[in-house]
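Q: The structure that follows is given in the form of structure tokens.
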Amino acid sequence: MPQQVSVPDEEAGPEYKGSPRVVPDPDVEAARIAAVRRYDILDTPPDGAFDRVASLAARLFDVPVATVTIVDTDRIWFKAAHGLHDMAELGRDPGLCGSAVLRDEALVIPDTLLDDVAQSNPLVTGPMGVRFYAAAPIVTTDGHRLGTVNILDTKPRSITEDDAATLADLAAIVMDEMELRLAALAMVRHEQERRAAESWHAEIEHERAEAERRAREQAEKDKAAIAAFASTLQRTLLPPALPVVPGLELACHYRTASVHDVGGDFYDVFPLDGGRWAFFLGDVCGKGAEAAAVTSLTRYTLRAAAQIDPDPRTVLGALNNALLADVSAGSRFCTAIFGLLTPDDTGGFHVAVATGGHPPAYHLRPDETGQVEVVAVRPKGGMLIGALPEAQFAQVTFHMAPGEGLLLYTDGLTEARTSDGAMLGEEGLTAFLRRRTAPVSATTLVDDTVVLLESLPDGAGDDVALLALSVPRCETVPDQAVSATAHTSAAPEPTGQER
Amino acid sequence: MTDALHLTLQHTDGPYAVATVTGDVDLHTAPTLRSGALDLIQQGHRHLILDMRGVQFCDSAGLSALIRIWHGAKDAGGSLALAAVSGRLMRMLNLTGMDSLLPVHPTADDALSGSRPTADA
């Protein structure tokens, strides 16, 4: 197995504190790998939260490439990569990430060609020609370095101590996200084990008591994790960028009424196995730090539950259990729509949608004359999530053919006031959607809905999230012209609304 | 918008009590409603009827408070019913399926006769 090469010339390079050459201690390395396994993150699908940290790093430091990497026994795997294409992992060559992960402090190499070890790293000698490299390790609370947050440039440059501290902060944010993700994953798995145990051995009451005790302990742990990370959460909570989904056009819009109150609106789209995709959109009841913590728990729980069993009703059931188990949050309820997309051979998608207390989604279906039929996707009887252990969630399935679209929204849209002071309501929204023309495009649907909101006297008074999906018709799509667009406005328009 | 929210005990009959809610129920006033109603339940009024006639506005924070109160009443072996609920709150209760937990009556009197055991003199 390729292990780290050691060139112990600590004194070279007077501008740096410490050299990149550190030999991994076999015990430390074994514990580190055990920690990497525990977080169960290697080879997971892309996740907007990590992508956002990479993009933020690239923007902050004005570098073409920024990555979040996790270091496995024999490879360096990219959890997120900004500015790198077609590269999922690298060998554990020394000099750059391979060395940075062995140190507790940030590693800065202003010019790789002047660095004895880095100069022979494939990223330096290869087509990328990396000349500048800096990284901060992603360190668990118990001191294991899982990987690094990296910035790379093709020109030599230097960064200040403050910059190095910022890079370390970004690595800490990545660690926070991984802790939350692990907590959600553990809770969902635990709930499933508990339920399996219950159904097999209903008579073994003490087993159940034990499981509940563990659930409470888990909830306490989550509580501590969430409280500790509330401040960084505020920064990372903005909804993620949308992925590119083959055969689908996606668009979203997100706006909070106040910069200080990160809203409880959330959405995401992410890949599952077998070419399937999942999407969700919802609204946590309440605002502020507590709602923010619930929003994050909700987002990770939905993702984790879908990886285990993507049946939409099952996923909402897992979220219901997670919110009920989370005794810490003050406002523990949310409404959500969760959907599962399975591509079929007609170029469309089979769609299964479950709802928990959320306003209906709208399925837009053009007919032969080009008129758009608006069908409310309203599974009957889906209850508010997190209010009751016995809550029921309802599910409907339908087919989305090329030319058709689906709009999901939070109630900031339907509760916006029109010029006569009445709420836009489901009626107003349906009438607006009926006036659309075929084929339906997610991008123009979101653009036009935003224009509608802005045309209202007060704009939207509340937080609003919109997520639209549409299936392009083959003739209207050149290859790979599948777009994912996002509008995100965290700040209010300067209309000076008072609350 | 008025900041104040008032919860006034109107009528008691053993464990049954009617309290009127007056004002807007939002993020700022919902805690007043929650703690006030939970206090009444603690004081033995475990079958609580909230007369919502004087409530013009109730948002999701208000709904959260109602669910907390429902849990509190249930834990005390009692119940929670609502009377004279506005259109918006009614829509929210329907949408979230909470109307299956929280019986809604046209008036507090209807609620009282609906929730008490029928065979009384």
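Each chain of the structure tokens is named A, B, ... in the order shown, its residues numbered from 1; ligands are numbered from 1 in display order.
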May I ask you to extract the residues of chain B within 6 Å of chain A, using only C-alpha atoms, and to give them as a list in words?
A: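 Result, ordered by chain then number: Ser60, Ala61, Leu95, Thr96 and Gly97 of chain B.
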Q: Please write the residues from the selection above to a file, keeping N, CA and C atoms, as a compact mmCIF listing (two decimals), in the first residue's frame.
A:
```
# COMPACT_ATOMS: atom_id res chain seq x y z
N SER B 60 -48.67 29.73 11.90
CA SER B 60 -48.20 28.39 12.25
C SER B 60 -47.65 28.33 13.68
N ALA B 61 -47.18 29.46 14.20
CA ALA B 61 -46.74 29.47 15.60
C ALA B 61 -47.94 29.21 16.51
N LEU B 95 -55.64 21.34 6.38
CA LEU B 95 -54.47 21.01 5.56
C LEU B 95 -53.50 20.13 6.32
N THR B 96 -53.33 20.39 7.62
CA THR B 96 -52.33 19.67 8.39
C THR B 96 -52.90 18.42 9.04
N GLY B 97 -54.19 18.15 8.78
CA GLY B 97 -54.80 16.96 9.37
C GLY B 97 -55.06 17.10 10.87
```
Q: Skipping near chain neighbours, those fewer than 4 positions away, what residues fall within 6 Å of Cys58 of chain B using only C-alpha atoms, listed as a PDB file with N, CA, C and O atoms, in the first residue's frame?
A:
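Once written, around.pdb looks like this:
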```
ATOM      1  N   VAL B  25     -52.667  35.640  17.279  1.00  0.00           N
ATOM      2  CA  VAL B  25     -51.744  34.610  17.763  1.00  0.00           C
ATOM      3  C   VAL B  25     -50.622  34.480  16.734  1.00  0.00           C
ATOM      4  O   VAL B  25     -50.851  34.032  15.615  1.00  0.00           O
ATOM      5  N   ASP B  26     -49.425  34.925  17.097  1.00  0.00           N
ATOM      6  CA  ASP B  26     -48.277  34.814  16.199  1.00  0.00           C
ATOM      7  C   ASP B  26     -47.048  34.388  17.008  1.00  0.00           C
ATOM      8  O   ASP B  26     -47.162  34.001  18.176  1.00  0.00           O
ATOM      9  N   GLY B  62     -49.101  29.781  16.122  1.00  0.00           N
ATOM     10  CA  GLY B  62     -50.329  29.541  16.881  1.00  0.00           C
ATOM     11  C   GLY B  62     -50.739  28.087  16.805  1.00  0.00           C
ATOM     12  O   GLY B  62     -51.150  27.476  17.806  1.00  0.00           O
TER      13      GLY B  62
END
```
Q: Looking only at strand (DSSP E or B) from DSSP on the backbone, list the matching residues of segment 6-82 of chain B as a ChimeraX atom specification.
A: /B:6-13,16-22,25,47-54,58,79-82
Q: Deliver the residues from the most recent selection as a file, using N, CA, C and O atoms, as a compact mmCIF listing (two decimals), in the first residue's frame.
A:
```txt
# COMPACT_ATOMS: atom_id res chain seq x y z
N HIS B 6 -54.94 37.89 25.11
CA HIS B 6 -55.56 37.62 26.42
C HIS B 6 -56.26 36.28 26.41
O HIS B 6 -56.92 35.93 25.45
N LEU B 7 -56.09 35.60 27.51
CA LEU B 7 -56.76 34.33 27.70
C LEU B 7 -57.62 34.51 28.97
O LEU B 7 -57.08 34.78 30.04
N THR B 8 -58.92 34.42 28.81
CA THR B 8 -59.81 34.69 29.94
C THR B 8 -60.69 33.49 30.21
O THR B 8 -61.37 33.00 29.31
N LEU B 9 -60.65 33.05 31.46
CA LEU B 9 -61.49 31.91 31.84
C LEU B 9 -62.93 32.40 31.94
O LEU B 9 -63.25 33.33 32.69
N GLN B 10 -63.87 31.82 31.19
CA GLN B 10 -65.25 32.28 31.15
C GLN B 10 -66.18 31.44 32.00
O GLN B 10 -67.12 31.94 32.58
N HIS B 11 -65.94 30.16 32.00
CA HIS B 11 -66.97 29.28 32.53
C HIS B 11 -66.28 28.00 32.96
O HIS B 11 -65.42 27.50 32.26
N THR B 12 -66.62 27.50 34.15
CA THR B 12 -66.04 26.22 34.55
C THR B 12 -67.16 25.31 35.03
O THR B 12 -68.18 25.77 35.53
N ASP B 13 -66.95 24.06 34.85
CA ASP B 13 -67.93 23.05 35.27
C ASP B 13 -67.12 21.80 35.56
O ASP B 13 -66.87 21.00 34.66
N TYR B 16 -64.39 20.70 33.19
CA TYR B 16 -64.65 21.38 31.92
C TYR B 16 -64.51 22.88 32.09
O TYR B 16 -64.99 23.44 33.08
N ALA B 17 -63.84 23.53 31.13
CA ALA B 17 -63.68 24.97 31.22
C ALA B 17 -63.69 25.58 29.84
O ALA B 17 -63.21 24.97 28.87
N VAL B 18 -64.27 26.79 29.75
CA VAL B 18 -64.23 27.54 28.50
C VAL B 18 -63.37 28.77 28.75
O VAL B 18 -63.60 29.50 29.72
N ALA B 19 -62.37 28.98 27.87
CA ALA B 19 -61.56 30.19 27.97
C ALA B 19 -61.63 30.91 26.63
O ALA B 19 -61.55 30.25 25.58
N THR B 20 -61.78 32.22 26.66
CA THR B 20 -61.78 32.95 25.39
C THR B 20 -60.38 33.48 25.11
O THR B 20 -59.66 33.90 26.02
N VAL B 21 -60.04 33.45 23.84
CA VAL B 21 -58.74 33.96 23.40
C VAL B 21 -59.03 35.23 22.61
O VAL B 21 -59.87 35.24 21.71
N THR B 22 -58.35 36.33 22.96
CA THR B 22 -58.56 37.59 22.26
C THR B 22 -57.21 38.14 21.82
O THR B 22 -56.29 38.22 22.62
N VAL B 25 -52.67 35.64 17.28
CA VAL B 25 -51.74 34.61 17.76
C VAL B 25 -50.62 34.48 16.73
O VAL B 25 -50.85 34.03 15.62
N HIS B 47 -60.39 19.38 30.70
CA HIS B 47 -61.14 19.40 29.43
C HIS B 47 -61.34 20.86 29.05
O HIS B 47 -62.24 21.53 29.53
N LEU B 48 -60.45 21.34 28.19
CA LEU B 48 -60.41 22.77 27.92
C LEU B 48 -61.04 23.07 26.57
O LEU B 48 -60.78 22.38 25.57
N ILE B 49 -61.87 24.12 26.54
CA ILE B 49 -62.45 24.60 25.28
C ILE B 49 -61.93 26.02 25.06
O ILE B 49 -62.08 26.87 25.95
N LEU B 50 -61.28 26.25 23.93
CA LEU B 50 -60.79 27.60 23.63
C LEU B 50 -61.77 28.25 22.65
O LEU B 50 -61.98 27.74 21.54
N ASP B 51 -62.37 29.36 23.10
CA ASP B 51 -63.27 30.12 22.24
C ASP B 51 -62.42 31.10 21.44
O ASP B 51 -61.85 32.04 22.01
N MET B 52 -62.31 30.87 20.13
CA MET B 52 -61.38 31.63 19.29
C MET B 52 -62.07 32.80 18.58
O MET B 52 -61.54 33.35 17.61
N ARG B 53 -63.30 33.16 19.05
CA ARG B 53 -64.10 34.21 18.40
C ARG B 53 -63.29 35.50 18.25
O ARG B 53 -63.41 36.19 17.25
N GLY B 54 -62.51 35.85 19.25
CA GLY B 54 -61.80 37.13 19.24
C GLY B 54 -60.42 37.05 18.58
O GLY B 54 -59.58 37.91 18.80
N CYS B 58 -54.09 33.88 13.17
CA CYS B 58 -53.38 32.81 13.86
C CYS B 58 -52.48 32.12 12.83
O CYS B 58 -52.98 31.62 11.82
N SER B 79 -58.89 16.83 27.39
CA SER B 79 -59.09 17.03 25.95
C SER B 79 -59.01 18.52 25.64
O SER B 79 -59.07 19.35 26.54
N LEU B 80 -58.86 18.82 24.37
CA LEU B 80 -58.88 20.22 23.93
C LEU B 80 -59.86 20.31 22.77
O LEU B 80 -59.82 19.49 21.85
N ALA B 81 -60.77 21.29 22.83
CA ALA B 81 -61.67 21.56 21.71
C ALA B 81 -61.60 23.04 21.39
O ALA B 81 -61.24 23.86 22.23
N LEU B 82 -61.94 23.37 20.15
CA LEU B 82 -61.91 24.77 19.72
C LEU B 82 -63.32 25.18 19.33
O LEU B 82 -64.12 24.36 18.88
```
Q: From the set B:Val104, B:Trp70, B:Asp59, B:Gly114, which residue has the shortest atom-to-atom contact distance to Gly412 of chain A, counting only C-alpha atoms?
A: B:Asp59
Q: As a list of chain:residue names, please: the residues near Phe280 of chain A (cut-off 6 Å, only C-alpha atoms, same-chain neighbours under 3 positions excluded).
A: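 Counting only the stated atoms, we get A:Tyr267, A:Asp268, A:Ile337, A:Phe338.
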Q: I need the alpha helix (DSSP H) residues of segment 9-219 of chain A per DSSP on the backbone, written as an MDAnalysis selection string.
A: chainID A and resid 26:39 48:61 97:100 122:125 161:200 205:219
Q: Can you list, as a PyMOL selection string, every protein, DNA or RNA residue that comes within 12 Å of Leu152 of chain A when you count only C-alpha atoms, leaving out same-chain residues fewer than 2 positions away?
A: chain A and resi 54+57-59+61-68+81-84+96-97+107-112+123-124+128-135+149-150+154-159
Q: Would you mind telling me which residue in B:Gly14, B:Pro31, B:Pro103, B:Gly44 lies nearest to Arg68 of chain B when using only C-alpha atoms?
A: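 Ranked by minimum distance to Arg68 of chain B, first place goes to B:Pro31.
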Q: With only C-alpha atoms as the counted atoms, please give the residues lying no more than 9 Å from Leu66 of chain B, apart from itself and same-chain residues fewer than 6 positions off, as a ChimeraX atom specification.
A: /B:30,33-34,80,102
Q: Go ahead and write the selection's residues with all heavy atoms as a PDB file, in the first residue's frame.
A:
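This went into part27.pdb:
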```pdb
ATOM      1  N   ALA B  30     -47.830  33.560  20.807  1.00  0.00           N
ATOM      2  CA  ALA B  30     -48.156  32.139  20.974  1.00  0.00           C
ATOM      3  C   ALA B  30     -47.698  31.586  22.336  1.00  0.00           C
ATOM      4  O   ALA B  30     -48.424  30.806  22.950  1.00  0.00           O
ATOM      5  CB  ALA B  30     -47.579  31.322  19.824  1.00  0.00           C
ATOM      6  N   LEU B  33     -50.346  32.181  24.929  1.00  0.00           N
ATOM      7  CA  LEU B  33     -51.473  31.271  24.793  1.00  0.00           C
ATOM      8  C   LEU B  33     -51.104  29.902  25.356  1.00  0.00           C
ATOM      9  O   LEU B  33     -51.848  29.294  26.126  1.00  0.00           O
ATOM     10  CB  LEU B  33     -51.870  31.158  23.312  1.00  0.00           C
ATOM     11  CG  LEU B  33     -52.899  30.087  22.968  1.00  0.00           C
ATOM     12  CD1 LEU B  33     -54.222  30.358  23.689  1.00  0.00           C
ATOM     13  CD2 LEU B  33     -53.138  30.013  21.457  1.00  0.00           C
ATOM     14  N   ARG B  34     -49.900  29.428  24.981  1.00  0.00           N
ATOM     15  CA  ARG B  34     -49.489  28.083  25.380  1.00  0.00           C
ATOM     16  C   ARG B  34     -49.398  27.971  26.903  1.00  0.00           C
ATOM     17  O   ARG B  34     -49.990  27.083  27.516  1.00  0.00           O
ATOM     18  CB  ARG B  34     -48.144  27.746  24.738  1.00  0.00           C
ATOM     19  CG  ARG B  34     -47.729  26.302  24.936  1.00  0.00           C
ATOM     20  CD  ARG B  34     -46.357  26.057  24.336  1.00  0.00           C
ATOM     21  NE  ARG B  34     -45.344  26.792  25.057  1.00  0.00           N
ATOM     22  CZ  ARG B  34     -44.317  27.406  24.473  1.00  0.00           C
ATOM     23  NH1 ARG B  34     -44.163  27.380  23.184  1.00  0.00           N
ATOM     24  NH2 ARG B  34     -43.435  28.060  25.194  1.00  0.00           N
ATOM     25  N   LEU B  80     -58.857  18.825  24.370  1.00  0.00           N
ATOM     26  CA  LEU B  80     -58.882  20.215  23.931  1.00  0.00           C
ATOM     27  C   LEU B  80     -59.864  20.313  22.771  1.00  0.00           C
ATOM     28  O   LEU B  80     -59.825  19.486  21.855  1.00  0.00           O
ATOM     29  CB  LEU B  80     -57.484  20.664  23.469  1.00  0.00           C
ATOM     30  CG  LEU B  80     -57.419  22.069  22.851  1.00  0.00           C
ATOM     31  CD1 LEU B  80     -57.728  23.146  23.890  1.00  0.00           C
ATOM     32  CD2 LEU B  80     -56.046  22.329  22.231  1.00  0.00           C
ATOM     33  N   LEU B 102     -58.293  17.973  16.942  1.00  0.00           N
ATOM     34  CA  LEU B 102     -58.889  19.102  17.633  1.00  0.00           C
ATOM     35  C   LEU B 102     -60.307  19.292  17.120  1.00  0.00           C
ATOM     36  O   LEU B 102     -60.497  19.852  16.054  1.00  0.00           O
ATOM     37  CB  LEU B 102     -58.079  20.374  17.332  1.00  0.00           C
ATOM     38  CG  LEU B 102     -56.639  20.393  17.804  1.00  0.00           C
ATOM     39  CD1 LEU B 102     -55.904  21.593  17.252  1.00  0.00           C
ATOM     40  CD2 LEU B 102     -56.583  20.404  19.314  1.00  0.00           C
TER      41      LEU B 102
END
```
